[in-house]
file protein-v4.cif (mmCIF, C-alpha atoms)
data_data
loop_
_atom_site.label_atom_id
_atom_site.label_comp_id
_atom_site.auth_asym_id
_atom_site.auth_seq_id
_atom_site.Cartn_x
_atom_site.Cartn_y
_atom_site.Cartn_z
CA MET A 1 -3.88 -27.00 36.82
CA LEU A 2 -4.17 -24.77 33.75
CA LEU A 3 -2.01 -21.68 33.99
CA ARG A 4 -2.77 -18.61 31.91
CA ALA A 5 0.45 -16.83 31.00
CA GLU A 6 0.71 -13.05 30.69
CA PRO A 7 0.90 -11.75 27.12
CA PRO A 8 4.54 -11.39 25.98
CA ALA A 9 6.13 -7.96 26.46
CA ASN A 10 6.88 -7.01 22.85
CA GLY A 11 5.39 -3.53 22.58
CA GLN A 12 8.63 -2.15 21.10
CA TYR A 13 7.90 -3.90 17.80
CA MET A 14 4.45 -2.31 17.64
CA VAL A 15 5.91 1.14 18.41
CA ALA A 16 8.57 0.66 15.70
CA ALA A 17 5.92 -0.35 13.15
CA TYR A 18 3.59 2.55 14.00
CA VAL A 19 6.43 5.09 13.86
CA LEU A 20 7.67 3.65 10.56
CA VAL A 21 4.19 3.85 8.97
CA ALA A 22 3.73 7.46 10.14
CA VAL A 23 7.20 8.52 8.92
CA VAL A 24 6.79 6.89 5.48
CA LEU A 25 3.33 8.38 4.93
CA VAL A 26 4.22 11.89 6.16
CA LEU A 27 7.40 11.92 4.03
CA TYR A 28 5.56 10.73 0.93
CA VAL A 29 2.67 13.19 1.36
CA THR A 30 5.20 16.01 1.90
CA THR A 31 7.09 15.10 -1.29
CA LEU A 32 3.77 15.05 -3.19
CA PHE A 33 2.91 18.58 -2.03
CA VAL A 34 6.45 19.86 -2.75
CA ARG A 35 6.39 18.35 -6.26
CA ALA A 36 2.90 19.73 -6.93
CA ARG A 37 3.83 23.23 -5.71
CA GLY A 38 6.98 23.29 -7.87
CA LEU A 39 5.04 22.23 -10.97
CA VAL A 40 2.22 24.70 -10.35
CA LYS A 41 4.81 27.52 -10.18
CA GLU A 42 6.51 26.35 -13.39
CA VAL A 43 3.29 25.91 -15.34
CA VAL A 44 1.76 29.22 -14.16
CA GLU A 45 5.00 31.13 -14.93
CA MET B 1 -5.36 13.71 2.94
CA VAL B 2 -4.07 15.68 5.95
CA LEU B 3 -7.33 14.78 7.74
CA ALA B 4 -6.72 11.12 6.91
CA LEU B 5 -3.23 11.38 8.48
CA LEU B 6 -4.83 12.86 11.61
CA ALA B 7 -7.38 10.02 11.54
CA LEU B 8 -4.42 7.61 11.40
CA ALA B 9 -3.07 9.17 14.62
CA ALA B 10 -6.51 8.65 16.23
CA HIS B 11 -6.47 5.06 14.89
CA TYR B 12 -3.16 4.49 16.69
CA VAL B 13 -4.68 5.73 19.97
CA ARG B 14 -7.71 3.45 19.52
CA ALA B 15 -5.56 0.43 18.62
CA ILE B 16 -3.14 0.92 21.53
CA GLN B 17 -5.47 2.15 24.24
CA TYR B 18 -8.96 0.87 23.50
CA THR B 19 -8.46 -2.44 21.69
CA PRO B 20 -7.80 -5.58 23.78
CA VAL B 21 -4.31 -7.10 23.88
CA GLU B 22 -4.22 -10.52 22.22
CA ALA B 23 -3.35 -13.12 24.88
CA THR B 24 -0.65 -15.10 23.03
CA GLN B 25 0.91 -12.46 20.74
CA GLY B 26 0.87 -9.45 23.08
CA MET B 27 1.19 -5.88 21.82
CA ALA B 28 2.96 -7.00 18.62
CA GLN B 29 -0.42 -8.26 17.36
CA LYS B 30 -1.52 -4.60 17.09
CA ILE B 31 0.83 -4.22 14.10
CA PHE B 32 -1.98 -6.06 12.32
CA TYR B 33 -4.14 -2.86 12.48
CA VAL B 34 -1.77 -1.08 10.07
CA HIS B 35 -0.22 -4.01 8.20
CA VAL B 36 -3.47 -5.52 6.91
CA PRO B 37 -5.13 -2.19 5.88
CA ALA B 38 -1.87 -1.17 4.12
CA ALA B 39 -1.91 -4.51 2.25
CA TRP B 40 -5.57 -4.00 1.31
CA SER B 41 -4.94 -0.49 -0.04
CA ALA B 42 -1.80 -1.62 -1.90
CA PHE B 43 -3.81 -4.39 -3.59
CA LEU B 44 -6.57 -1.88 -4.37
CA ALA B 45 -3.94 0.41 -5.92
CA TYR B 46 -2.56 -2.39 -8.12
CA GLY B 47 -6.08 -3.49 -9.09
CA ILE B 48 -6.74 0.06 -10.29
CA VAL B 49 -3.42 0.07 -12.18
CA GLY B 50 -4.56 -3.09 -14.00
CA LEU B 51 -8.02 -1.69 -14.72
CA CYS B 52 -6.76 1.70 -15.97
CA SER B 53 -4.04 -0.01 -18.03
CA ALA B 54 -6.54 -2.34 -19.73
CA LEU B 55 -8.90 0.59 -20.39
CA PHE B 56 -6.00 2.62 -21.78
CA LEU B 57 -5.13 -0.13 -24.29
CA TRP B 58 -8.77 -0.13 -25.36
CA LEU B 59 -9.67 3.59 -25.33
CA HIS B 60 -6.19 5.24 -25.76
CA ASP B 61 -7.10 7.95 -23.25
CA ARG B 62 -3.90 9.47 -21.79
CA ARG B 63 -5.68 10.27 -18.50
CA LEU B 64 -6.06 6.54 -17.84
CA ASP B 65 -2.32 6.05 -18.29
CA LEU B 66 -1.57 8.91 -15.89
CA PHE B 67 -4.00 7.52 -13.31
CA ALA B 68 -2.37 4.07 -13.61
CA GLU B 69 1.05 5.68 -13.02
CA ALA B 70 -0.25 7.56 -9.97
CA SER B 71 -1.83 4.42 -8.53
CA ALA B 72 1.33 2.36 -9.15
CA GLU B 73 3.50 4.87 -7.27
CA VAL B 74 1.14 5.05 -4.28
CA GLY B 75 0.78 1.24 -4.35
CA THR B 76 4.57 0.87 -4.22
CA VAL B 77 4.78 3.13 -1.14
CA LEU B 78 2.01 1.09 0.54
CA THR B 79 3.73 -2.20 -0.36
CA PHE B 80 6.91 -0.85 1.23
CA ILE B 81 4.87 -0.35 4.42
CA VAL B 82 3.53 -3.93 4.16
CA LEU B 83 7.01 -5.37 3.61
CA THR B 84 8.50 -3.51 6.60
CA THR B 85 5.68 -3.87 9.15
CA GLY B 86 5.39 -7.62 8.37
CA PRO B 87 8.92 -8.46 9.59
CA LEU B 88 8.37 -6.24 12.67
CA TRP B 89 5.51 -8.62 13.56
CA GLY B 90 7.37 -11.74 12.39
CA LYS B 91 10.40 -11.26 14.64
CA PRO B 92 8.55 -11.52 17.99
CA ILE B 93 5.92 -14.02 16.75
CA TRP B 94 7.80 -16.32 14.36
CA GLY B 95 11.24 -15.65 15.87
CA THR B 96 12.60 -14.48 12.52
CA TRP B 97 12.40 -11.28 10.47
CA TRP B 98 11.77 -13.04 7.18
CA GLN B 99 10.74 -16.42 5.75
CA TRP B 100 11.12 -17.29 2.07
CA GLU B 101 7.56 -18.59 1.93
CA VAL B 102 5.06 -17.91 -0.85
CA ARG B 103 3.04 -14.96 0.55
CA LEU B 104 6.09 -12.92 1.57
CA THR B 105 8.17 -13.80 -1.47
CA SER B 106 5.37 -13.08 -3.98
CA THR B 107 4.64 -9.73 -2.28
CA LEU B 108 8.35 -8.86 -2.54
CA PHE B 109 8.24 -9.78 -6.26
CA LEU B 110 5.16 -7.59 -6.69
CA PHE B 111 7.04 -4.68 -5.08
CA PHE B 112 10.04 -5.17 -7.41
CA LEU B 113 7.72 -5.53 -10.40
CA PHE B 114 6.16 -2.13 -9.73
CA VAL B 115 9.55 -0.53 -9.00
CA GLY B 116 10.41 -1.84 -12.49
CA TYR B 117 7.14 -0.36 -13.85
CA LEU B 118 8.05 3.08 -12.46
CA THR B 119 11.63 2.77 -13.76
CA LEU B 120 10.32 1.78 -17.20
CA ARG B 121 8.20 4.94 -17.31
CA ARG B 122 11.28 7.07 -16.74
CA SER B 123 13.27 5.24 -19.44
CA VAL B 124 10.91 5.61 -22.43
CA TYR B 125 10.62 9.15 -23.78
CA ASP B 126 7.84 8.76 -26.33
CA PRO B 127 4.60 9.23 -24.31
CA LEU B 128 2.52 6.80 -26.38
CA GLU B 129 5.14 4.03 -26.33
CA ARG B 130 5.70 4.62 -22.61
CA ALA B 131 1.97 4.30 -21.95
CA ARG B 132 1.64 1.11 -24.04
CA TYR B 133 4.66 -0.67 -22.51
CA SER B 134 3.73 0.28 -18.96
CA ALA B 135 0.08 -0.73 -19.49
CA VAL B 136 1.21 -4.28 -20.34
CA VAL B 137 3.48 -4.44 -17.25
CA GLY B 138 0.70 -2.92 -15.11
CA ILE B 139 -1.81 -5.57 -16.20
CA LEU B 140 0.68 -8.39 -15.55
CA GLY B 141 1.47 -6.95 -12.11
CA ALA B 142 -2.21 -6.63 -11.18
CA MET B 143 -2.72 -10.28 -12.15
CA LEU B 144 -0.38 -11.24 -9.28
CA VAL B 145 -2.74 -9.72 -6.68
CA PRO B 146 -5.42 -12.48 -6.54
CA PHE B 147 -2.64 -15.08 -6.62
CA ILE B 148 -0.99 -13.45 -3.57
CA HIS B 149 -4.33 -13.30 -1.74
CA LEU B 150 -5.10 -16.98 -2.45
CA SER B 151 -1.51 -18.20 -1.96
CA VAL B 152 -2.08 -19.01 1.73
CA TRP B 153 -4.70 -21.60 0.69
CA MET B 154 -2.85 -22.85 -2.39
CA PHE B 155 0.47 -23.57 -0.62
CA ARG B 156 1.70 -24.74 2.77
CA THR B 157 2.75 -21.51 4.44
CA ILE B 158 3.34 -20.10 7.91
CA HIS B 159 1.69 -16.76 7.00
CA PRO B 160 -1.68 -16.37 8.82
CA LYS B 161 -4.73 -16.96 6.65
CA PRO B 162 -7.15 -14.06 6.00
CA ILE B 163 -9.57 -13.52 8.88
CA ILE B 164 -12.06 -11.26 7.09
CA LEU B 165 -12.12 -12.14 3.38
CA LYS B 166 -12.82 -15.84 3.80
CA PRO B 167 -15.78 -18.05 2.88
CA ASP B 168 -17.22 -18.48 6.41
CA GLY B 169 -17.05 -14.80 7.37
CA PRO B 170 -14.77 -12.82 9.74
CA SER B 171 -13.44 -14.63 12.82
CA LEU B 172 -12.36 -11.81 15.11
CA PRO B 173 -13.87 -10.36 18.32
CA GLY B 174 -16.05 -7.29 17.65
CA SER B 175 -13.71 -4.77 19.31
CA MET B 176 -10.74 -5.95 17.25
CA LEU B 177 -12.80 -6.19 14.05
CA SER B 178 -14.09 -2.60 14.39
CA THR B 179 -10.53 -1.27 14.88
CA LEU B 180 -9.39 -3.22 11.84
CA LEU B 181 -12.32 -1.94 9.74
CA GLU B 182 -11.46 1.61 10.85
CA GLY B 183 -7.93 0.97 9.58
CA PHE B 184 -9.32 -0.20 6.23
CA ALA B 185 -11.39 3.01 5.92
CA ILE B 186 -8.46 5.29 6.83
CA PHE B 187 -6.01 3.60 4.47
CA THR B 188 -8.58 3.66 1.65
CA VAL B 189 -9.12 7.41 2.12
CA LEU B 190 -5.34 7.93 2.34
CA TYR B 191 -4.89 5.97 -0.89
CA LEU B 192 -7.57 8.04 -2.65
CA GLY B 193 -6.07 11.32 -1.40
CA MET B 194 -2.52 10.41 -2.37
CA VAL B 195 -3.51 9.04 -5.79
CA MET B 196 -5.53 12.15 -6.67
CA VAL B 197 -2.65 14.50 -5.76
CA ARG B 198 -0.19 12.25 -7.66
CA TYR B 199 -2.54 12.22 -10.67
CA GLY B 200 -2.64 16.04 -10.56
CA ILE B 201 1.18 16.04 -10.59
CA GLY B 202 1.10 13.80 -13.69
CA ARG B 203 -1.29 16.19 -15.45
CA LEU B 204 0.88 19.21 -14.58
CA GLN B 205 4.01 17.38 -15.75
CA GLU B 206 2.32 16.57 -19.05
CA GLU B 207 1.26 20.20 -19.51
CA LYS B 208 4.80 21.37 -18.76
CA GLU B 209 6.24 18.93 -21.35
CA ALA B 210 3.64 20.05 -23.93
CA ARG B 211 4.62 23.72 -23.39
CA HIS B 212 8.34 22.89 -23.74
CA ALA B 213 7.62 20.98 -26.94
CA ALA B 214 5.55 23.87 -28.33
CA ALA B 215 8.24 26.42 -27.41
CA SER B 216 11.13 24.48 -29.02
#

call {"tool": "encode", "arguments": {"input": "protein-v4.cif", "output": "structure tokens"}}
result
Amino acid sequence: MLLRAEPPANGQYMVAAYVLVAVVLVLYVTTLFVRARGLVKEVVE
Amino acid sequence: MVLALLALAAHYVRAIQYTPVEATQGMAQKIFYVHVPAAWSAFLAYGIVGLCSALFLWLHDRRLDLFAEASAEVGTVLTFIVLTTGPLWGKPIWGTWWQWEVRLTSTLFLFFLFVGYLTLRRSVYDPLERARYSAVVGILGAMLVPFIHLSVWMFRTIHPKPIILKPDGPSLPGSMLSTLLEGFAIFTVLYLGMVMVRYGIGRLQEEKEARHAAAS
């Protein structure tokens, strides 16, 4: 008889990956805006 | 760019809630919906570095050098995502975080090469010399990209082979393929948004340096 196993319970790895991607992208985008704002102030002044 | 980040949140919901769970790999397979699009956009970024670098050596237009720099920085961030989400999939599926096989190792080398590219740019003060040296490194780095893509066919490796960019077409159920294609679109828009802002920073930095030079 062919048994079909349940998919493995490994959702924690997916959650870790999704959180990591979000954190890296949000941090990088924030640093871009902070750098841009600082430079705009310096150049305008 | 902020809209693209919100679209990424919606992509997460679609991948988790509305895309089927793969029978043998479980939920860990859903890492694929961010890992593969991040790899695509990183390779796109490095391809653009190579193109802008080659055009800079030909045309000597400083804007091309600044765009190559912007693309290299964004590409390095995206490669960091690829190199960290990969092991998070590898641990439950392969039973190990890392394997010194050709796809992983060459991607790690590519990451270090572009960290070196960005370090080089901060070490050379003359703008023209900096642009020339980094253009050569940028072209050499971009030449690694097709090799990395083809490495899974050229060598015996445990890394999965591409399931979309292959000669006989995509081999993925429609619901999974549409989620993956959505990921490609979001990461491409994110790349374009980040690279444009980073390019603007490069232009402002250049203007600031020109004003300092004129004042002194």

call {"tool": "closest_residue", "arguments": {"input": "protein-v4.cif", "among": "B:Gln17, B:Ser53, B:Ser171, B:Thr85", "to": "chain A", "atoms": "all atoms listed in the file"}}
result
B:Thr85

call {"tool": "resolve_selection", "arguments": {"input": "protein-v4.cif", "expression": "the PyMOL selection byres ((chain A and resi 34-41) around 9)", "output": "list in words"}}
result
Val29, Thr30, Thr31, Leu32, Phe33, Glu42, Val43, Val44 and Glu45 of chain A; Val197, Arg198, Gly200, Ile201, Leu204, Gln205 and Lys208 of chain B

call {"tool": "write_last_selection", "arguments": {"input": "protein-v4.cif", "atoms": "C-alpha atoms", "output": "PDB file, in the frame of the given file"}}
result
ATOM      1  CA  VAL A  29       2.670  13.190   1.360  1.00  0.00           C
ATOM      2  CA  THR A  30       5.200  16.010   1.900  1.00  0.00           C
ATOM      3  CA  THR A  31       7.090  15.100  -1.290  1.00  0.00           C
ATOM      4  CA  LEU A  32       3.770  15.050  -3.190  1.00  0.00           C
ATOM      5  CA  PHE A  33       2.910  18.580  -2.030  1.00  0.00           C
ATOM      6  CA  GLU A  42       6.510  26.350 -13.390  1.00  0.00           C
ATOM      7  CA  VAL A  43       3.290  25.910 -15.340  1.00  0.00           C
ATOM      8  CA  VAL A  44       1.760  29.220 -14.160  1.00  0.00           C
ATOM      9  CA  GLU A  45       5.000  31.130 -14.930  1.00  0.00           C
TER      10      GLU A  45
ATOM     11  CA  VAL B 197      -2.650  14.500  -5.760  1.00  0.00           C
ATOM     12  CA  ARG B 198      -0.190  12.250  -7.660  1.00  0.00           C
ATOM     13  CA  GLY B 200      -2.640  16.040 -10.560  1.00  0.00           C
ATOM     14  CA  ILE B 201       1.180  16.040 -10.590  1.00  0.00           C
ATOM     15  CA  LEU B 204       0.880  19.210 -14.580  1.00  0.00           C
ATOM     16  CA  GLN B 205       4.010  17.380 -15.750  1.00  0.00           C
ATOM     17  CA  LYS B 208       4.800  21.370 -18.760  1.00  0.00           C
TER      18      LYS B 208
END

call {"tool": "axis_aligned_box", "arguments": {"input": "protein-v4.cif", "around": "segment 6-23 of chain A", "padding_each_side": "5 Å", "output": "lines of an AutoDock Vina configuration file"}}
result
center_x = 4.7
center_y = -2.3
center_z = 19.8
size_x = 17.9
size_y = 31.6
size_z = 31.8

call {"tool": "resolve_selection", "arguments": {"input": "protein-v4.cif", "expression": "the PyMOL selection byres ((chain A and resi 9-24) around 10)", "output": "JSON, numbers by chain"}}
result
{"A": [6, 7, 8, 25, 26, 27, 28, 29, 30], "B": [5, 8, 9, 12, 16, 25, 26, 27, 28, 29, 30, 31, 32, 33, 34, 35, 38, 77, 78, 80, 81, 82, 84, 85, 86, 87, 88, 89, 90, 91, 92, 93]}

call {"tool": "atom_distance", "arguments": {"input": "protein-v4.cif", "atom1": "atom CA of Gly138 of chain B", "atom2": "atom CA of Gly50 of chain B"}}
result
5.4 Å

call {"tool": "atom_distance", "arguments": {"input": "protein-v4.cif", "atom1": "atom CA of Leu172 of chain B", "atom2": "atom CA of Trp94 of chain B"}}
result
20.7 Å

call {"tool": "decode", "arguments": {"input": "protein-v4.cif", "residues": "chain A", "atoms": "C-alpha atoms", "output": "PDB file, in the first residue's frame"}}
result
ATOM      1  CA  MET A   1       0.000   0.000   0.000  1.00  0.00           C
ATOM      2  CA  LEU A   2       1.337   3.439  -0.937  1.00  0.00           C
ATOM      3  CA  LEU A   3       1.283   5.852   1.976  1.00  0.00           C
ATOM      4  CA  ARG A   4       1.315   9.592   1.400  1.00  0.00           C
ATOM      5  CA  ALA A   5       3.188  11.323   4.207  1.00  0.00           C
ATOM      6  CA  GLU A   6       2.224  14.747   5.531  1.00  0.00           C
ATOM      7  CA  PRO A   7       4.537  17.580   4.452  1.00  0.00           C
ATOM      8  CA  PRO A   8       7.315  18.144   7.030  1.00  0.00           C
ATOM      9  CA  ALA A   9       6.645  20.781   9.696  1.00  0.00           C
ATOM     10  CA  ASN A  10       9.423  23.277   8.940  1.00  0.00           C
ATOM     11  CA  GLY A  11       7.549  26.574   8.746  1.00  0.00           C
ATOM     12  CA  GLN A  12       9.991  28.218  11.176  1.00  0.00           C
ATOM     13  CA  TYR A  13      12.659  28.326   8.456  1.00  0.00           C
ATOM     14  CA  MET A  14      10.265  30.073   6.082  1.00  0.00           C
ATOM     15  CA  VAL A  15       9.297  32.600   8.777  1.00  0.00           C
ATOM     16  CA  ALA A  16      12.986  33.257   9.543  1.00  0.00           C
ATOM     17  CA  ALA A  17      13.744  33.810   5.841  1.00  0.00           C
ATOM     18  CA  TYR A  18      10.764  36.137   5.285  1.00  0.00           C
ATOM     19  CA  VAL A  19      11.578  38.191   8.398  1.00  0.00           C
ATOM     20  CA  LEU A  20      15.243  38.401   7.394  1.00  0.00           C
ATOM     21  CA  VAL A  21      14.399  39.624   3.866  1.00  0.00           C
ATOM     22  CA  ALA A  22      11.984  42.258   5.230  1.00  0.00           C
ATOM     23  CA  VAL A  23      14.482  43.486   7.853  1.00  0.00           C
ATOM     24  CA  VAL A  24      17.387  43.735   5.376  1.00  0.00           C
ATOM     25  CA  LEU A  25      15.313  45.590   2.775  1.00  0.00           C
ATOM     26  CA  VAL A  26      13.654  47.994   5.244  1.00  0.00           C
ATOM     27  CA  LEU A  27      17.032  48.782   6.876  1.00  0.00           C
ATOM     28  CA  TYR A  28      18.720  49.375   3.528  1.00  0.00           C
ATOM     29  CA  VAL A  29      15.897  51.553   2.169  1.00  0.00           C
ATOM     30  CA  THR A  30      15.932  53.561   5.432  1.00  0.00           C
ATOM     31  CA  THR A  31      19.696  54.132   5.195  1.00  0.00           C
ATOM     32  CA  LEU A  32      19.250  55.264   1.571  1.00  0.00           C
ATOM     33  CA  PHE A  33      16.654  57.870   2.570  1.00  0.00           C
ATOM     34  CA  VAL A  34      18.729  59.044   5.565  1.00  0.00           C
ATOM     35  CA  ARG A  35      21.850  59.403   3.380  1.00  0.00           C
ATOM     36  CA  ALA A  36      19.885  61.216   0.667  1.00  0.00           C
ATOM     37  CA  ARG A  37      18.265  63.615   3.156  1.00  0.00           C
ATOM     38  CA  GLY A  38      21.634  64.446   4.750  1.00  0.00           C
ATOM     39  CA  LEU A  39      23.222  65.153   1.369  1.00  0.00           C
ATOM     40  CA  VAL A  40      20.288  67.253   0.155  1.00  0.00           C
ATOM     41  CA  LYS A  41      20.625  69.425   3.293  1.00  0.00           C
ATOM     42  CA  GLU A  42      24.398  69.795   2.812  1.00  0.00           C
ATOM     43  CA  VAL A  43      24.181  70.609  -0.889  1.00  0.00           C
ATOM     44  CA  VAL A  44      21.273  73.066  -0.498  1.00  0.00           C
ATOM     45  CA  GLU A  45      23.000  74.839   2.437  1.00  0.00           C
TER      46      GLU A  45
END
